[in-house]
$ cat data23.txt   # compact mmCIF, C-alpha atoms
# COMPACT_ATOMS: atom_id res chain seq x y z
CA MET A 1169 7.62 -25.44 -29.09
CA SER A 1170 6.66 -28.67 -27.41
CA GLN A 1171 9.51 -31.08 -26.72
CA SER A 1172 7.47 -34.00 -28.08
CA HIS A 1173 6.77 -32.34 -31.46
CA ARG A 1174 9.13 -33.37 -34.26
CA PRO A 1175 9.05 -30.43 -36.68
CA THR A 1176 8.52 -31.21 -40.34
CA ASP A 1177 11.14 -30.21 -42.89
CA ALA A 1178 8.90 -27.32 -43.99
CA GLU A 1179 8.48 -26.12 -40.39
CA MET A 1180 12.23 -26.27 -39.89
CA ARG A 1181 12.90 -24.24 -43.04
CA ASP A 1182 10.37 -21.62 -41.88
CA ARG A 1183 11.64 -21.45 -38.30
CA LEU A 1184 15.41 -21.69 -38.67
CA THR A 1185 17.97 -19.45 -40.30
CA PRO A 1186 19.75 -20.97 -43.31
CA GLU A 1187 22.82 -21.65 -41.12
CA GLN A 1188 20.74 -23.31 -38.40
CA TYR A 1189 18.94 -25.44 -41.00
CA ARG A 1190 22.20 -26.46 -42.67
CA ILE A 1191 23.59 -27.69 -39.36
CA ALA A 1192 20.44 -29.15 -37.77
CA ARG A 1193 18.97 -30.88 -40.82
CA GLU A 1194 21.94 -31.39 -43.14
CA GLY A 1195 24.59 -32.31 -40.57
CA GLY A 1196 26.75 -29.25 -41.19
CA THR A 1197 29.04 -27.44 -38.80
CA GLU A 1198 29.97 -23.87 -38.04
CA ARG A 1199 33.54 -22.65 -38.37
CA PRO A 1200 35.52 -22.99 -35.12
CA PHE A 1201 35.62 -19.98 -32.78
CA THR A 1202 32.70 -18.29 -34.59
CA GLY A 1203 29.69 -19.54 -32.60
CA ALA A 1204 27.82 -17.31 -30.17
CA TYR A 1205 28.20 -19.75 -27.27
CA ASN A 1206 31.86 -20.76 -27.64
CA ASP A 1207 33.04 -18.28 -24.96
CA HIS A 1208 29.64 -17.94 -23.25
CA LYS A 1209 29.89 -18.13 -19.45
CA ALA A 1210 26.35 -17.37 -18.14
CA ASP A 1211 24.46 -19.78 -15.89
CA GLY A 1212 21.50 -21.55 -17.44
CA VAL A 1213 20.43 -24.26 -19.84
CA TYR A 1214 21.10 -24.64 -23.56
CA HIS A 1215 18.01 -25.79 -25.49
CA CYS A 1216 17.50 -27.15 -29.00
CA VAL A 1217 16.82 -24.28 -31.39
CA ALA A 1218 14.47 -26.49 -33.43
CA CYS A 1219 12.20 -28.04 -30.79
CA GLY A 1220 13.03 -26.32 -27.50
CA ALA A 1221 14.18 -29.44 -25.63
CA PRO A 1222 16.76 -28.84 -22.88
CA LEU A 1223 20.08 -30.29 -24.04
CA PHE A 1224 23.05 -29.09 -21.95
CA ASP A 1225 23.46 -27.37 -18.58
CA ALA A 1226 25.97 -24.54 -18.19
CA THR A 1227 27.40 -26.29 -15.11
CA ASP A 1228 28.72 -29.01 -17.47
CA LYS A 1229 30.28 -26.55 -19.95
CA PHE A 1230 34.07 -26.23 -20.21
CA ASP A 1231 36.63 -24.56 -22.44
CA SER A 1232 38.05 -27.34 -24.60
CA GLY A 1233 40.01 -25.01 -26.86
CA SER A 1234 38.34 -26.71 -29.85
CA GLY A 1235 36.44 -23.63 -31.01
CA TRP A 1236 32.99 -25.05 -30.23
CA PRO A 1237 30.96 -25.06 -27.01
CA SER A 1238 31.90 -28.21 -25.10
CA TYR A 1239 30.10 -30.07 -22.32
CA THR A 1240 30.98 -33.10 -20.19
CA ALA A 1241 27.42 -34.48 -20.30
CA PRO A 1242 23.94 -33.75 -21.63
CA ALA A 1243 21.37 -32.12 -19.31
CA ALA A 1244 19.68 -35.52 -18.90
CA PRO A 1245 20.74 -38.99 -20.09
CA ASP A 1246 17.89 -39.09 -22.61
CA ALA A 1247 18.31 -35.51 -23.92
CA VAL A 1248 20.49 -36.57 -26.84
CA SER A 1249 20.94 -39.63 -29.02
CA GLU A 1250 24.23 -40.90 -30.39
CA HIS A 1251 24.87 -42.29 -33.88
CA ARG A 1252 27.88 -43.67 -35.72
CA ASP A 1253 29.20 -41.12 -38.23
CA ARG A 1254 31.62 -42.28 -40.93
CA THR A 1255 31.67 -39.07 -42.98
CA LEU A 1256 34.87 -37.18 -43.82
CA GLY A 1257 36.87 -40.40 -43.92
CA MET A 1258 36.82 -40.96 -40.16
CA GLU A 1259 34.63 -42.64 -37.57
CA ARG A 1260 33.04 -40.37 -34.98
CA THR A 1261 29.97 -40.38 -32.75
CA GLU A 1262 27.34 -37.91 -33.89
CA VAL A 1263 25.07 -36.28 -31.29
CA ARG A 1264 21.46 -35.45 -32.15
CA CYS A 1265 18.59 -33.91 -30.20
CA ALA A 1266 16.48 -36.78 -28.89
CA GLY A 1267 13.38 -34.58 -29.20
CA CYS A 1268 13.55 -33.77 -32.92
CA ASP A 1269 16.59 -35.62 -34.31
CA SER A 1270 18.45 -32.41 -35.21
CA HIS A 1271 22.22 -32.74 -35.67
CA LEU A 1272 24.05 -31.01 -32.81
CA GLY A 1273 27.69 -32.03 -33.14
CA HIS A 1274 29.86 -34.93 -31.95
CA VAL A 1275 31.04 -36.51 -28.71
CA PHE A 1276 34.66 -37.50 -28.12
CA PRO A 1277 36.34 -39.54 -25.34
CA ASP A 1278 38.90 -36.83 -24.52
CA GLY A 1279 37.01 -34.65 -22.04
CA PRO A 1280 37.75 -33.82 -18.40
CA PRO A 1281 36.47 -35.66 -15.32
CA PRO A 1282 34.00 -36.73 -14.18
CA THR A 1283 32.82 -38.24 -17.50
CA GLY A 1284 35.93 -38.06 -19.68
CA LEU A 1285 33.63 -36.97 -22.52
CA ARG A 1286 33.63 -33.85 -24.69
CA TYR A 1287 30.29 -33.06 -26.31
CA CYS A 1288 31.42 -30.67 -29.05
CA ILE A 1289 28.26 -28.80 -30.08
CA ASN A 1290 27.46 -26.15 -32.69
CA SER A 1291 26.27 -22.84 -31.18
CA ALA A 1292 23.86 -22.32 -34.09
CA VAL A 1293 21.62 -25.19 -32.94
CA LEU A 1294 21.47 -23.99 -29.33
CA ASP A 1295 19.16 -21.50 -27.62
CA PHE A 1296 20.34 -20.34 -24.19
CA HIS A 1297 17.86 -19.83 -21.34
CA PRO A 1298 19.29 -18.11 -18.23
CA ARG A 1299 18.64 -19.92 -14.95
CA GLY A 1300 15.92 -18.45 -12.75
$ encode --input "data23.txt" --output "structure tokens"
Amino acid sequence: MSQSHRPTDAEMRDRLTPEQYRIAREGGTERPFTGAYNDHKADGVYHCVACGAPLFDATDKFDSGSGWPSYTAPAAPDAVSEHRDRTLGMERTEVRCAGCDSHLGHVFPDGPPPTGLRYCINSAVLDFHPRG
């Protein structure tokens, strides 16, 4: 899938599993400690499951203990977009794929150096590509 193509709702429903669609298009989340990439340690790049855009590099992944894959930074500064999220009675910063606007998770200011950020991302919206 081309990174510049924003899939239509119908394309997303056809391409994604119900769980992936619920998270990517409806802003859902997976239960903690259940995602395929939470304990994943391989070297490579995590791409958007909806449009194929590279989102996070394995070199920036760390174990936050939160139950979701966590990264200190996106693969590139323009890989994700950030949006104010006031759902669930709290204010958070939502992270979306800049390529197709799919919901990925949230970013928090409690991560390790060098950024101090924790991008807390749902495994279901990621597609891992090994390096090389």
$ residues_around --input "data23.txt" --residues "stretch 1259-1265 of chain A" --least-positions-apart "3" --cutoff "6 Å" --atoms "all atoms listed in the file" --output "count of residues only"
15
$ atom_distance --input "data23.txt" --atom1 "atom CA of A:Gly1279" --atom2 "atom CA of A:Pro1222"
21.1 Å
$ axis_aligned_box --input "data23.txt" --around "stretch 1261-1266 of chain A" --padding-each-side "8 Å" --output "lines of an AutoDock Vina configuration file"
center_x = 23.2
center_y = -37.1
center_z = -31.4
size_x = 29.5
size_y = 22.5
size_z = 21.0
$ closest_residue --input "data23.txt" --among "A:His1297, A:Leu1223, A:Phe1201, A:Val1217" --to "A:Tyr1189" --atoms "all atoms listed in the file"
A:Val1217
$ closest_residue --input "data23.txt" --among "A:Pro1200, A:Gly1300, A:Pro1245, A:Pro1186" --to "A:Ala1266" --atoms "all atoms listed in the file"
A:Pro1245
$ closest_residue --input "data23.txt" --among "A:Gly1257, A:Ala1218, A:Gly1203, A:Thr1240" --to "A:Leu1184" --atoms "only C-alpha atoms"
A:Ala1218
$ residues_around --input "data23.txt" --residues "A:Arg1181" --least-positions-apart "5" --cutoff "12 Å" --atoms "all atoms listed in the file" --output "list in words"
Pro1175, Thr1176, Pro1186, Glu1187, Gln1188, Tyr1189, Arg1190, Ile1191, Ala1192, Arg1193, Glu1194 and Ala1218 of chain A
